[in-house]
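Chemist: For reference, this is work19.cif, and it has mmCIF, C-alpha atoms and all ligand atoms.
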data_data
loop_
_atom_site.label_atom_id
_atom_site.label_comp_id
_atom_site.auth_asym_id
_atom_site.auth_seq_id
_atom_site.Cartn_x
_atom_site.Cartn_y
_atom_site.Cartn_z
CA MET V 1 20.77 6.72 -52.52
CA ASP V 2 19.14 4.24 -50.09
CA ALA V 3 17.44 7.03 -48.11
CA TYR V 4 16.34 8.67 -51.36
CA LEU V 5 14.77 5.40 -52.52
CA ARG V 6 13.10 4.92 -49.15
CA ASP V 7 11.67 8.42 -48.98
CA ILE V 8 10.64 9.08 -52.57
CA PRO V 9 6.81 9.19 -52.77
CA LYS V 10 5.50 5.99 -54.30
CA ALA V 11 2.45 3.76 -54.68
CA GLU V 12 2.51 0.03 -54.00
CA LEU V 13 0.14 -1.89 -56.31
CA HIS V 14 1.08 -5.52 -55.70
CA MET V 15 1.23 -6.79 -52.16
CA HIS V 16 -0.74 -9.57 -50.50
CA VAL V 17 -1.69 -8.52 -47.00
CA GLU V 18 -1.38 -12.13 -45.80
CA GLY V 19 2.19 -12.03 -47.15
CA SER V 20 3.07 -9.25 -44.73
CA LEU V 21 2.63 -11.52 -41.69
CA GLU V 22 5.98 -11.18 -39.92
CA PRO V 23 7.13 -14.16 -37.80
CA GLU V 24 6.85 -12.05 -34.62
CA LEU V 25 3.17 -11.30 -35.27
CA MET V 26 2.61 -14.91 -36.34
CA PHE V 27 3.84 -16.04 -32.91
CA GLU V 28 1.82 -13.40 -31.07
CA LEU V 29 -1.39 -14.39 -32.88
CA ALA V 30 -0.66 -18.10 -32.39
CA ARG V 31 -0.41 -17.47 -28.64
CA ARG V 32 -3.48 -15.22 -28.57
CA ASN V 33 -5.56 -17.75 -30.52
CA SER V 34 -4.09 -20.97 -29.07
CA VAL V 35 -2.90 -22.17 -32.46
CA THR V 36 0.06 -24.58 -32.48
CA LEU V 37 2.80 -23.59 -34.91
CA PRO V 38 5.19 -26.12 -36.48
CA TYR V 39 8.11 -23.84 -35.54
CA ALA V 40 10.01 -23.59 -32.25
CA SER V 41 10.93 -19.92 -32.57
CA VAL V 42 10.80 -16.77 -34.68
CA GLU V 43 14.29 -17.62 -35.92
CA ALA V 44 13.16 -21.11 -36.93
CA VAL V 45 10.35 -19.56 -38.98
CA ARG V 46 12.81 -17.33 -40.82
CA GLN V 47 15.08 -20.32 -41.47
CA ALA V 48 12.15 -22.20 -43.01
CA TYR V 49 11.68 -19.48 -45.63
CA VAL V 50 13.79 -21.05 -48.36
CA PHE V 51 11.70 -21.54 -51.48
CA GLY V 52 12.53 -23.23 -54.77
CA ASN V 53 9.44 -22.09 -56.63
CA LEU V 54 6.03 -20.47 -56.21
CA GLN V 55 4.29 -23.60 -54.85
CA SER V 56 6.88 -24.23 -52.12
CA PHE V 57 6.25 -20.66 -50.93
CA LEU V 58 2.46 -20.88 -51.18
CA ASP V 59 2.38 -24.01 -48.98
CA ILE V 60 4.12 -22.10 -46.15
CA TYR V 61 2.17 -18.87 -46.80
CA TYR V 62 -1.21 -20.61 -46.52
CA ALA V 63 -0.04 -22.46 -43.39
CA GLY V 64 0.94 -19.12 -41.80
CA CYS V 65 -2.61 -17.85 -42.35
CA ARG V 66 -3.92 -20.40 -39.81
CA VAL V 67 -3.15 -17.97 -36.96
CA LEU V 68 -5.62 -15.41 -38.39
CA LEU V 69 -8.98 -16.07 -36.77
CA HIS V 70 -10.63 -12.88 -35.56
CA GLU V 71 -11.42 -9.48 -37.03
CA GLN V 72 -8.77 -7.90 -34.79
CA ASP V 73 -6.13 -10.26 -36.23
CA PHE V 74 -6.82 -8.93 -39.74
CA TYR V 75 -6.71 -5.40 -38.36
CA ASP V 76 -3.33 -6.00 -36.69
CA LEU V 77 -1.91 -7.63 -39.83
CA THR V 78 -3.03 -4.79 -42.10
CA TRP V 79 -2.00 -2.09 -39.65
CA ALA V 80 1.50 -3.55 -39.33
CA TYR V 81 1.90 -3.46 -43.12
CA LEU V 82 0.64 0.12 -43.42
CA SER V 83 2.97 1.31 -40.65
CA ARG V 84 5.99 -0.18 -42.46
CA ALA V 85 4.79 1.13 -45.82
CA ALA V 86 4.33 4.67 -44.44
CA GLU V 87 7.95 4.64 -43.21
CA GLN V 88 9.04 3.76 -46.75
CA GLY V 89 7.43 6.60 -48.66
CA VAL V 90 4.30 4.69 -49.67
CA ARG V 91 1.63 7.34 -50.21
CA HIS V 92 -0.94 5.00 -51.74
CA ALA V 93 -1.30 1.20 -51.49
CA GLU V 94 -3.61 -1.18 -53.35
CA VAL V 95 -3.77 -4.17 -51.05
CA PHE V 96 -4.65 -7.74 -52.12
CA PHE V 97 -6.45 -10.17 -49.86
CA ASP V 98 -7.32 -13.86 -50.38
CA PRO V 99 -10.76 -14.36 -48.76
CA GLN V 100 -11.02 -18.03 -49.83
CA THR V 101 -7.97 -18.93 -47.71
CA HIS V 102 -9.98 -17.86 -44.67
CA ILE V 103 -13.56 -18.76 -45.67
CA ASP V 104 -12.43 -22.33 -46.35
CA ARG V 105 -11.20 -22.49 -42.72
CA GLY V 106 -14.65 -21.50 -41.49
CA LEU V 107 -14.24 -17.74 -41.08
CA ALA V 108 -16.93 -15.35 -42.30
CA PHE V 109 -16.14 -13.10 -45.27
CA GLY V 110 -17.23 -10.17 -43.10
CA THR V 111 -14.72 -10.96 -40.35
CA VAL V 112 -11.84 -10.78 -42.81
CA VAL V 113 -12.92 -7.74 -44.79
CA THR V 114 -14.08 -5.69 -41.79
CA GLY V 115 -10.76 -6.11 -39.97
CA ILE V 116 -8.79 -5.11 -43.05
CA ARG V 117 -11.14 -2.21 -43.80
CA ARG V 118 -10.83 -0.77 -40.30
CA ALA V 119 -7.04 -0.72 -40.59
CA LEU V 120 -7.20 0.87 -44.05
CA LEU V 121 -9.37 3.68 -42.67
CA ASP V 122 -6.94 4.19 -39.78
CA GLY V 123 -4.07 4.13 -42.28
CA GLN V 124 -5.60 7.09 -44.06
CA GLN V 125 -6.45 8.97 -40.87
CA LYS V 126 -3.39 8.31 -38.72
CA LEU V 127 -0.62 7.65 -41.28
CA GLY V 128 -1.88 9.65 -44.24
CA VAL V 129 -1.58 6.61 -46.51
CA SER V 130 -4.30 6.35 -49.14
CA THR V 131 -5.48 2.79 -49.89
CA LYS V 132 -7.70 0.60 -52.02
CA LEU V 133 -8.58 -3.06 -51.52
CA ILE V 134 -8.45 -5.84 -54.17
CA LEU V 135 -10.08 -9.26 -53.70
CA CYS V 136 -8.01 -12.08 -55.25
CA PHE V 137 -9.56 -15.36 -56.34
CA LEU V 138 -7.41 -18.45 -55.74
CA ARG V 139 -6.80 -20.01 -59.16
CA HIS V 140 -5.99 -23.47 -57.73
CA LEU V 141 -9.67 -23.61 -56.71
CA SER V 142 -12.61 -23.81 -59.14
CA ALA V 143 -14.38 -21.08 -61.10
CA GLU V 144 -17.53 -22.03 -59.17
CA ALA V 145 -15.77 -21.34 -55.87
CA ALA V 146 -14.60 -17.98 -57.23
CA MET V 147 -18.16 -17.16 -58.32
CA GLU V 148 -19.45 -17.97 -54.83
CA THR V 149 -16.76 -15.72 -53.33
CA LEU V 150 -17.83 -12.92 -55.67
CA ARG V 151 -21.40 -13.40 -54.48
CA GLN V 152 -20.26 -12.95 -50.87
CA ALA V 153 -18.24 -9.87 -51.82
CA ARG V 154 -21.26 -8.08 -53.28
CA GLN V 155 -22.33 -6.86 -49.85
CA TYR V 156 -18.95 -5.14 -49.42
CA LYS V 157 -18.80 -3.69 -52.94
CA ASP V 158 -18.09 -0.18 -51.67
CA TRP V 159 -14.94 -1.36 -49.89
CA ILE V 160 -13.42 -3.34 -52.78
CA VAL V 161 -12.19 -1.65 -55.95
CA ALA V 162 -11.17 -4.66 -58.05
CA VAL V 163 -10.86 -8.41 -58.32
CA GLY V 164 -7.61 -10.25 -58.99
CA LEU V 165 -6.32 -13.77 -59.58
CA ASP V 166 -3.45 -15.35 -57.64
CA SER V 167 -1.99 -18.60 -56.25
CA SER V 168 -0.49 -21.51 -58.28
CA GLU V 169 -0.22 -20.25 -61.85
CA VAL V 170 0.93 -23.08 -64.12
CA GLY V 171 -1.97 -25.35 -65.12
CA HIS V 172 -4.54 -22.75 -64.00
CA PRO V 173 -4.91 -20.41 -67.01
CA PRO V 174 -6.95 -17.20 -66.81
CA GLU V 175 -9.52 -18.52 -69.35
CA ILE V 176 -11.00 -20.75 -66.62
CA PHE V 177 -12.16 -17.60 -64.79
CA ARG V 178 -13.61 -15.73 -67.76
CA ALA V 179 -17.25 -15.89 -66.63
CA VAL V 180 -16.33 -14.83 -63.07
CA PHE V 181 -14.44 -11.79 -64.33
CA ASP V 182 -17.28 -10.96 -66.77
CA ARG V 183 -19.68 -10.96 -63.82
CA ALA V 184 -17.31 -8.96 -61.61
CA ARG V 185 -16.82 -6.27 -64.28
CA ASP V 186 -20.59 -6.14 -64.88
CA GLU V 187 -20.97 -5.44 -61.17
CA GLY V 188 -18.51 -2.55 -61.38
CA PHE V 189 -15.29 -4.12 -60.12
CA LEU V 190 -12.07 -3.36 -61.96
CA ALA V 191 -9.80 -6.32 -62.74
CA VAL V 192 -6.16 -7.37 -62.41
CA ALA V 193 -4.52 -10.81 -62.62
CA HIS V 194 -1.22 -12.50 -61.87
CA ALA V 195 0.12 -13.72 -65.21
CA GLY V 196 3.53 -14.48 -66.64
CA GLU V 197 5.20 -15.00 -63.25
CA GLU V 198 5.83 -18.74 -63.74
CA GLY V 199 3.22 -19.15 -66.48
CA PRO V 200 3.77 -18.58 -70.22
CA PRO V 201 3.10 -15.38 -72.24
CA GLU V 202 -0.16 -17.01 -73.41
CA TYR V 203 -1.55 -16.46 -69.90
CA ILE V 204 -0.84 -12.72 -70.22
CA TRP V 205 -2.74 -12.63 -73.53
CA GLN V 206 -5.66 -14.40 -71.86
CA ALA V 207 -5.65 -12.01 -68.90
CA LEU V 208 -5.82 -9.06 -71.29
CA ASP V 209 -8.28 -10.42 -73.85
CA LEU V 210 -10.52 -12.71 -71.78
CA LEU V 211 -10.40 -11.21 -68.28
CA LYS V 212 -9.98 -7.64 -69.62
CA VAL V 213 -7.63 -6.64 -66.82
CA SER V 214 -6.32 -3.12 -66.29
CA ARG V 215 -2.91 -4.34 -65.05
CA ILE V 216 -0.81 -7.50 -65.17
CA ASP V 217 0.69 -8.66 -61.86
CA HIS V 218 4.30 -9.77 -62.51
CA GLY V 219 4.14 -10.25 -66.31
CA VAL V 220 7.92 -10.67 -66.58
CA ARG V 221 7.66 -13.64 -68.97
CA CYS V 222 6.24 -11.24 -71.61
CA ILE V 223 9.88 -10.88 -72.70
CA GLU V 224 9.53 -14.21 -74.56
CA ASP V 225 6.90 -12.82 -76.97
CA ALA V 226 7.81 -9.83 -79.18
CA ARG V 227 4.20 -9.27 -80.29
CA LEU V 228 3.07 -9.16 -76.66
CA ILE V 229 5.82 -6.68 -75.75
CA LYS V 230 4.58 -4.44 -78.55
CA ARG V 231 0.98 -4.66 -77.30
CA LEU V 232 1.97 -3.90 -73.68
CA ALA V 233 4.07 -0.92 -74.78
CA THR V 234 1.47 0.49 -77.17
CA GLU V 235 -1.37 0.23 -74.67
CA GLN V 236 0.86 1.10 -71.69
CA VAL V 237 -0.56 -1.84 -69.74
CA PRO V 238 1.07 -1.60 -66.30
CA LEU V 239 3.15 -4.52 -65.02
CA THR V 240 3.40 -4.76 -61.24
CA VAL V 241 6.86 -6.30 -61.02
CA CYS V 242 8.20 -7.76 -57.76
CA PRO V 243 11.98 -8.12 -58.14
CA LEU V 244 12.97 -9.68 -54.78
CA SER V 245 9.99 -12.06 -54.94
CA ASN V 246 11.04 -13.20 -58.42
CA VAL V 247 14.50 -14.09 -57.17
CA LYS V 248 13.27 -15.81 -53.98
CA LEU V 249 10.83 -17.91 -56.03
CA GLY V 250 13.32 -18.83 -58.72
CA VAL V 251 11.79 -16.85 -61.59
CA PHE V 252 15.27 -15.31 -62.07
CA ARG V 253 18.48 -16.89 -60.78
CA SER V 254 19.70 -13.57 -59.40
CA LEU V 255 18.63 -9.93 -59.26
CA ALA V 256 21.43 -9.08 -61.72
CA GLU V 257 19.61 -11.29 -64.25
CA HIS V 258 16.20 -9.67 -63.67
CA ASN V 259 14.63 -8.12 -66.77
CA LEU V 260 13.05 -5.07 -65.06
CA LYS V 261 15.50 -2.61 -66.62
CA LYS V 262 15.09 -4.25 -70.04
CA LEU V 263 11.29 -3.91 -69.79
CA LEU V 264 11.63 -0.25 -68.80
CA ASP V 265 13.97 0.38 -71.74
CA LEU V 266 11.44 -1.29 -74.06
CA GLY V 267 8.97 1.40 -73.00
CA LEU V 268 6.70 -0.70 -70.80
CA CYS V 269 4.83 0.78 -67.83
CA VAL V 270 6.77 -1.06 -65.12
CA THR V 271 6.25 -0.60 -61.37
CA VAL V 272 8.20 -1.97 -58.36
CA ASN V 273 6.38 -3.86 -55.59
CA SER V 274 7.04 -6.21 -52.67
CA ASP V 275 4.48 -9.04 -53.27
CA ASP V 276 4.82 -10.83 -49.89
CA PRO V 277 7.27 -8.67 -47.94
CA ALA V 278 7.49 -10.80 -44.77
CA TYR V 279 8.41 -13.92 -46.76
CA LEU V 280 10.19 -12.81 -49.90
CA GLY V 281 13.08 -10.57 -48.98
CA GLY V 282 11.67 -7.21 -48.00
CA TYR V 283 9.28 -4.31 -48.30
CA ILE V 284 9.07 -1.88 -51.19
CA ALA V 285 12.12 0.21 -50.20
CA GLU V 286 14.30 -2.90 -50.03
CA ASN V 287 13.01 -3.82 -53.49
CA PHE V 288 13.91 -0.41 -54.89
CA GLN V 289 17.30 -0.37 -53.16
CA ALA V 290 18.44 -3.85 -54.22
CA THR V 291 17.13 -3.45 -57.76
CA GLN V 292 18.71 -0.02 -58.23
CA ALA V 293 22.07 -1.34 -57.05
CA GLU V 294 22.06 -4.57 -59.09
CA LEU V 295 20.59 -3.18 -62.32
CA HIS V 296 22.29 0.25 -62.07
CA LEU V 297 19.01 2.13 -62.36
CA SER V 298 19.46 5.85 -63.03
CA ARG V 299 17.59 8.65 -61.23
CA ASP V 300 15.53 8.90 -64.40
CA ASP V 301 14.60 5.20 -64.15
CA ILE V 302 13.58 5.68 -60.51
CA HIS V 303 11.43 8.68 -61.40
CA ARG V 304 9.73 6.72 -64.16
CA LEU V 305 9.06 3.77 -61.85
CA THR V 306 7.57 5.96 -59.12
CA ARG V 307 5.53 8.07 -61.55
CA ASN V 308 4.26 4.85 -63.17
CA SER V 309 3.15 3.60 -59.75
CA PHE V 310 0.69 6.49 -59.36
CA GLN V 311 -0.27 6.50 -63.02
CA ALA V 312 -1.06 2.75 -62.94
CA SER V 313 -3.14 2.99 -59.76
CA PHE V 314 -6.93 3.00 -59.49
CA LEU V 315 -6.93 6.55 -58.11
CA SER V 316 -8.98 9.22 -59.88
CA PRO V 317 -7.20 11.47 -62.41
CA GLY V 318 -7.25 14.33 -59.88
CA GLU V 319 -5.79 12.17 -57.11
CA LYS V 320 -3.07 10.92 -59.47
CA ARG V 321 -2.20 14.50 -60.38
CA GLY V 322 -1.91 15.40 -56.69
CA PHE V 323 0.49 12.56 -55.88
CA ILE V 324 2.57 13.13 -59.02
CA GLN V 325 2.92 16.80 -58.06
CA GLU V 326 4.14 15.67 -54.65
CA LEU V 327 6.62 13.33 -56.37
CA ASP V 328 7.83 16.09 -58.71
CA GLY V 329 8.27 18.41 -55.71
CA PHE V 330 10.37 15.77 -53.91
CA ILE V 331 12.56 15.29 -56.98
CA ALA V 332 13.03 19.04 -57.48
CA ARG V 333 14.03 19.55 -53.81
CA ARG V 334 16.58 16.71 -53.90
CA ARG V 335 18.32 17.77 -57.12
N1 LIG S 1 -0.10 -15.26 -53.52
C1 LIG S 1 0.74 -14.56 -52.75
N2 LIG S 1 1.85 -14.26 -53.43
C2 LIG S 1 1.71 -14.77 -54.68
C3 LIG S 1 2.51 -14.77 -55.85
N3 LIG S 1 3.71 -14.20 -55.90
N4 LIG S 1 2.03 -15.39 -56.94
C4 LIG S 1 0.85 -15.98 -56.91
N5 LIG S 1 0.06 -16.01 -55.83
C5 LIG S 1 0.47 -15.40 -54.74
ZN ZN S 2 1.55 -11.60 -55.99
#
Reformat the file's structure so that it appears as C-alpha cells.

Modeler:
Amino acid sequence: MDAYLRDIPKAELHMHVEGSLEPELMFELARRNSVTLPYASVEAVRQAYVFGNLQSFLDIYYAGCRVLLHEQDFYDLTWAYLSRAAEQGVRHAEVFFDPQTHIDRGLAFGTVVTGIRRALLDGQQKLGVSTKLILCFLRHLSAEAAMETLRQARQYKDWIVAVGLDSSEVGHPPEIFRAVFDRARDEGFLAVAHAGEEGPPEYIWQALDLLKVSRIDHGVRCIEDARLIKRLATEQVPLTVCPLSNVKLGVFRSLAEHNLKKLLDLGLCVTVNSDDPAYLGGYIAENFQATQAELHLSRDDIHRLTRNSFQASFLSPGEKRGFIQELDGFIARRR
C-alpha cells in the first residue's frame, strides 16, 4: 500500500516553499551566506522541531528563512522540493511563497520570485512536474502592507496564479484583507486563504463571502458548523487538508482523531497536502501513508482524494482531464 500511495498520480495544492527547507540545506545556505544559526548541528535543528501550536512553529519557520538571501537560494529551495515531490507521484504542484518574510529583511521581490520561477520552469522541463505559484499575504501584518506587496507583485502577474493568506490565524480574521483581495481579483488573480486551522468556522465564512476564495486551506474546523458543512458540500469548495501538520501543531491530538475521513464521508471535496514538509512530519506521500493507515482509508477514498486534487487545482479543464485520465490509467493497471 505504501508504494501505491507514493506512486499514485496526485496534485499538491497546499505547501509553503519556505516550509520545505530541510535542515541540511539550511546549514549549507548558512555557510554559503555567512549566516549564524542558533543550532549546533542538523540533528539539533531536528530536535528543536517540537511545536505546541501554530505560533511556536511560525517563530522557528520565519527564523529558518534568514538563510535565504540570493536568487540561487530560492532556486535551490524550490528545486529540492520539486525533486522530492516528483519522487512521490506529484504531477502538479501549486506552491505558496511568503514574499513579505523576505522583503521585510531587505530582499527585492524580484530576487525571491525569479529564483522560485526558474526552478518551477526546470521542474516542468526536467522532472515533468507541472506547477503554479501562489503569493501568500502574512495576516499578522497589516492590510496596507499586503496592498503594497500586491503592488510589487503586479510586475510578475504572469508568473503568479493566485493570492493567499497565511501566518498566525487567531485574531487576524479574513475580513481585514477584504479590500486587498478585491483588488487582487480585479487584477485577475485567483484567491485562496488559510481558514479554520486554529481559527473558528466564522473565518471560513468570511474567506468565502468576503475574500471570495476558490479553496479553503485547512478548513478542518468547519466540522463545528452544520450550515457551513452543507455550504461546502453543495458548492464543492475544496479543502486543502494537511493531516500531519494538524497533528504536529496540535489541531488534533493524534492522527486517529483527525476528521479527514469524516469530511470525506460528508461529501466534501477534501485533498491531502504536506503544508511545511521539512518541519511538520513529512512530504505528501508520508501524509497519505500515515492517514490511510490511521483512518483506514479505502482504495475508493484514496481515488477520491487524488481525483479531488486535480479537480480542485487551477489547471484548465483540458489539463485536469489529462491528469485524471493518467490517474484512472494508474488505478486500472494496479487493480
Ligand atoms: N505558514 C506556513 N505554514 C502555515 C500554516 N500551517 N498555517 C498558517 N501559516 C503558515
Ligand atoms: Zn499552510

Chemist: Please report the interatomic distance between atom CA of Tyr4 of chain V and atom CA of Asp275 of chain V in Å with one decimal.

Modeler: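 Going from atom CA of Tyr4 of chain V over to atom CA of Asp275 of chain V, I get 21.4 Å.
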
Chemist: Looking at V:Ile204, V:Ile103, V:Leu138, V:Val112, which one is nearest to ligand LIG 1 (chain S), with distances taken over all atoms listed in the file?

Modeler: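 Selected residue with least distance to ligand LIG 1 (chain S): V:Leu138.
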
Chemist: At a cut-off of 8 Å, using all atoms listed in the file, what residues contact segment 66-73 of chain V? Leave out same-chain residues fewer than 5 positions from it and give the result as a list of chain:residue names.

Modeler: V:Met26, V:Leu29, V:Ala30, V:Asn33, V:Val35, V:Leu107, V:Thr111, V:Val112, V:Thr114, V:Gly115, V:Ile116

Chemist: Limited to C-alpha atoms, could you put the picked residues into a file as a PDB file, in the coordinates of the input?

Modeler:
ATOM      1  CA  MET V  26       2.610 -14.910 -36.340  1.00  0.00           C
ATOM      2  CA  LEU V  29      -1.390 -14.390 -32.880  1.00  0.00           C
ATOM      3  CA  ALA V  30      -0.660 -18.100 -32.390  1.00  0.00           C
ATOM      4  CA  ASN V  33      -5.560 -17.750 -30.520  1.00  0.00           C
ATOM      5  CA  VAL V  35      -2.900 -22.170 -32.460  1.00  0.00           C
ATOM      6  CA  LEU V 107     -14.240 -17.740 -41.080  1.00  0.00           C
ATOM      7  CA  THR V 111     -14.720 -10.960 -40.350  1.00  0.00           C
ATOM      8  CA  VAL V 112     -11.840 -10.780 -42.810  1.00  0.00           C
ATOM      9  CA  THR V 114     -14.080  -5.690 -41.790  1.00  0.00           C
ATOM     10  CA  GLY V 115     -10.760  -6.110 -39.970  1.00  0.00           C
ATOM     11  CA  ILE V 116      -8.790  -5.110 -43.050  1.00  0.00           C
TER      12      ILE V 116
END

Chemist: Per residue of chain V within 12 Å of ligand ZN 2 (chain S), note the shortest atom pair and the distance in Å to one decimal, counting all atoms listed in the file, and order the rows by chain and increasing residue number, as JSON lines.

Modeler:
{"residue": "V:Glu12", "atom": "CA", "partner": "S:ZN2", "partner_atom": "ZN", "distance": 11.8}
{"residue": "V:Leu13", "atom": "CA", "partner": "S:ZN2", "partner_atom": "ZN", "distance": 9.8}
{"residue": "V:His14", "atom": "CA", "partner": "S:ZN2", "partner_atom": "ZN", "distance": 6.1}
{"residue": "V:Met15", "atom": "CA", "partner": "S:ZN2", "partner_atom": "ZN", "distance": 6.2}
{"residue": "V:His16", "atom": "CA", "partner": "S:ZN2", "partner_atom": "ZN", "distance": 6.3}
{"residue": "V:Val17", "atom": "CA", "partner": "S:ZN2", "partner_atom": "ZN", "distance": 10.0}
{"residue": "V:Glu18", "atom": "CA", "partner": "S:ZN2", "partner_atom": "ZN", "distance": 10.6}
{"residue": "V:Gly19", "atom": "CA", "partner": "S:ZN2", "partner_atom": "ZN", "distance": 8.9}
{"residue": "V:Ser20", "atom": "CA", "partner": "S:ZN2", "partner_atom": "ZN", "distance": 11.6}
{"residue": "V:Leu54", "atom": "CA", "partner": "S:ZN2", "partner_atom": "ZN", "distance": 9.9}
{"residue": "V:Phe57", "atom": "CA", "partner": "S:ZN2", "partner_atom": "ZN", "distance": 11.4}
{"residue": "V:Leu58", "atom": "CA", "partner": "S:ZN2", "partner_atom": "ZN", "distance": 10.5}
{"residue": "V:Tyr61", "atom": "CA", "partner": "S:ZN2", "partner_atom": "ZN", "distance": 11.7}
{"residue": "V:Glu94", "atom": "CA", "partner": "S:ZN2", "partner_atom": "ZN", "distance": 11.9}
{"residue": "V:Val95", "atom": "CA", "partner": "S:ZN2", "partner_atom": "ZN", "distance": 10.4}
{"residue": "V:Phe96", "atom": "CA", "partner": "S:ZN2", "partner_atom": "ZN", "distance": 8.3}
{"residue": "V:Phe97", "atom": "CA", "partner": "S:ZN2", "partner_atom": "ZN", "distance": 10.2}
{"residue": "V:Asp98", "atom": "CA", "partner": "S:ZN2", "partner_atom": "ZN", "distance": 10.7}
{"residue": "V:Ile134", "atom": "CA", "partner": "S:ZN2", "partner_atom": "ZN", "distance": 11.7}
{"residue": "V:Cys136", "atom": "CA", "partner": "S:ZN2", "partner_atom": "ZN", "distance": 9.6}
{"residue": "V:Phe137", "atom": "CA", "partner": "S:ZN2", "partner_atom": "ZN", "distance": 11.7}
{"residue": "V:Leu138", "atom": "CA", "partner": "S:ZN2", "partner_atom": "ZN", "distance": 11.3}
{"residue": "V:Gly164", "atom": "CA", "partner": "S:ZN2", "partner_atom": "ZN", "distance": 9.7}
{"residue": "V:Leu165", "atom": "CA", "partner": "S:ZN2", "partner_atom": "ZN", "distance": 8.9}
{"residue": "V:Asp166", "atom": "CA", "partner": "S:ZN2", "partner_atom": "ZN", "distance": 6.5}
{"residue": "V:Ser167", "atom": "CA", "partner": "S:ZN2", "partner_atom": "ZN", "distance": 7.8}
{"residue": "V:Ser168", "atom": "CA", "partner": "S:ZN2", "partner_atom": "ZN", "distance": 10.4}
{"residue": "V:Glu169", "atom": "CA", "partner": "S:ZN2", "partner_atom": "ZN", "distance": 10.6}
{"residue": "V:Val192", "atom": "CA", "partner": "S:ZN2", "partner_atom": "ZN", "distance": 10.9}
{"residue": "V:Ala193", "atom": "CA", "partner": "S:ZN2", "partner_atom": "ZN", "distance": 9.0}
{"residue": "V:His194", "atom": "CA", "partner": "S:ZN2", "partner_atom": "ZN", "distance": 6.6}
{"residue": "V:Ala195", "atom": "CA", "partner": "S:ZN2", "partner_atom": "ZN", "distance": 9.6}
{"residue": "V:Gly196", "atom": "CA", "partner": "S:ZN2", "partner_atom": "ZN", "distance": 11.2}
{"residue": "V:Glu197", "atom": "CA", "partner": "S:ZN2", "partner_atom": "ZN", "distance": 8.8}
{"residue": "V:Glu198", "atom": "CA", "partner": "S:ZN2", "partner_atom": "ZN", "distance": 11.4}
{"residue": "V:Ile216", "atom": "CA", "partner": "S:ZN2", "partner_atom": "ZN", "distance": 10.3}
{"residue": "V:Asp217", "atom": "CA", "partner": "S:ZN2", "partner_atom": "ZN", "distance": 6.6}
{"residue": "V:His218", "atom": "CA", "partner": "S:ZN2", "partner_atom": "ZN", "distance": 7.3}
{"residue": "V:Gly219", "atom": "CA", "partner": "S:ZN2", "partner_atom": "ZN", "distance": 10.7}
{"residue": "V:Leu239", "atom": "CA", "partner": "S:ZN2", "partner_atom": "ZN", "distance": 11.6}
{"residue": "V:Thr240", "atom": "CA", "partner": "S:ZN2", "partner_atom": "ZN", "distance": 8.8}
{"residue": "V:Val241", "atom": "CA", "partner": "S:ZN2", "partner_atom": "ZN", "distance": 9.0}
{"residue": "V:Cys242", "atom": "CA", "partner": "S:ZN2", "partner_atom": "ZN", "distance": 7.9}
{"residue": "V:Pro243", "atom": "CA", "partner": "S:ZN2", "partner_atom": "ZN", "distance": 11.2}
{"residue": "V:Leu244", "atom": "CA", "partner": "S:ZN2", "partner_atom": "ZN", "distance": 11.6}
{"residue": "V:Ser245", "atom": "CA", "partner": "S:ZN2", "partner_atom": "ZN", "distance": 8.5}
{"residue": "V:Asn246", "atom": "CA", "partner": "S:ZN2", "partner_atom": "ZN", "distance": 9.9}
{"residue": "V:Leu249", "atom": "CA", "partner": "S:ZN2", "partner_atom": "ZN", "distance": 11.2}
{"residue": "V:Val272", "atom": "CA", "partner": "S:ZN2", "partner_atom": "ZN", "distance": 11.9}
{"residue": "V:Asn273", "atom": "CA", "partner": "S:ZN2", "partner_atom": "ZN", "distance": 9.1}
{"residue": "V:Ser274", "atom": "CA", "partner": "S:ZN2", "partner_atom": "ZN", "distance": 8.4}
{"residue": "V:Asp275", "atom": "CA", "partner": "S:ZN2", "partner_atom": "ZN", "distance": 4.7}
{"residue": "V:Asp276", "atom": "CA", "partner": "S:ZN2", "partner_atom": "ZN", "distance": 7.0}
{"residue": "V:Pro277", "atom": "CA", "partner": "S:ZN2", "partner_atom": "ZN", "distance": 10.3}
{"residue": "V:Tyr279", "atom": "CA", "partner": "S:ZN2", "partner_atom": "ZN", "distance": 11.7}
{"residue": "V:Leu280", "atom": "CA", "partner": "S:ZN2", "partner_atom": "ZN", "distance": 10.6}

Chemist: Looking at V:Ala226, V:Ala290, V:Val213, V:Leu150, which one is nearest to Pro99 of chain V, with distances taken over all atoms listed in the file?

Modeler: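 So, comparing all the options, the nearest one is V:Leu150.
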
Chemist: Go through V:Arg117, V:Arg139, V:Lys132, V:Arg6 and flag the residue nearest ligand LIG 1 (chain S), using all atoms listed in the file for the distances.

Modeler: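 Distance minimum relative to ligand LIG 1 (chain S) lands on V:Arg139.
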
Chemist: Kindly indicate which residue among V:Lys248, V:Arg227, V:Arg46, V:Lys212 lies nearest to ligand LIG 1 (chain S), using all atoms listed in the file for the distances.

Modeler: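 Closest to ligand LIG 1 (chain S), using all atoms listed in the file: V:Lys248.
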
Chemist: Please indicate the distance in Å from atom C5 of ligand LIG 1 (chain S) to atom CA of Pro317 of chain V, rounded to one decimal place.

Modeler: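 Between atom C5 of ligand LIG 1 (chain S) and atom CA of Pro317 of chain V the gap is 29.0 Å.
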
Chemist: Rank nothing, just name the residue among V:Ala332, V:Leu327, V:Leu25, V:Leu121 nearest to Gly89 of chain V, using only C-alpha atoms.

Modeler: V:Leu327

Chemist: Find the smallest box with edges along x, y and z containing every listed atom of ligand LIG 1 (chain S), then add 6 Å on each side and report centre and edge lengths in Å to one decimal, as JSON.

Modeler:
{"center_x": 1.8, "center_y": -15.1, "center_z": -54.8, "size_x": 15.8, "size_y": 13.8, "size_z": 16.2}

Chemist: For a quick check of your reading of the model, name the residues lying within 12 Å of the coordinate (21.0, -9.8, -59.7), counting only C-alpha atoms, and write them as a PyMOL selection string.

Modeler: chain V and resi 243-244+246-248+250-261+287+290-296

Chemist: Is there a way to get, as an MDAnalysis selection string, all residues within 6 Å of the point (6.0, 0.3, -62.2) in file coordinates, counting all atoms listed in the file?

Modeler: chainID V and resid 240 269:272 305 308:309

Chemist: Got a sec: who's within 12 Å of Phe323 of chain V, counting all atoms listed in the file, leaving out chain neighbours fewer than 2 positions off, as JSON, numbers by chain?

Modeler: {"V": [8, 9, 10, 11, 89, 90, 91, 92, 129, 130, 306, 307, 308, 309, 310, 311, 313, 315, 316, 317, 318, 319, 320, 321, 325, 326, 327, 328, 329, 330]}
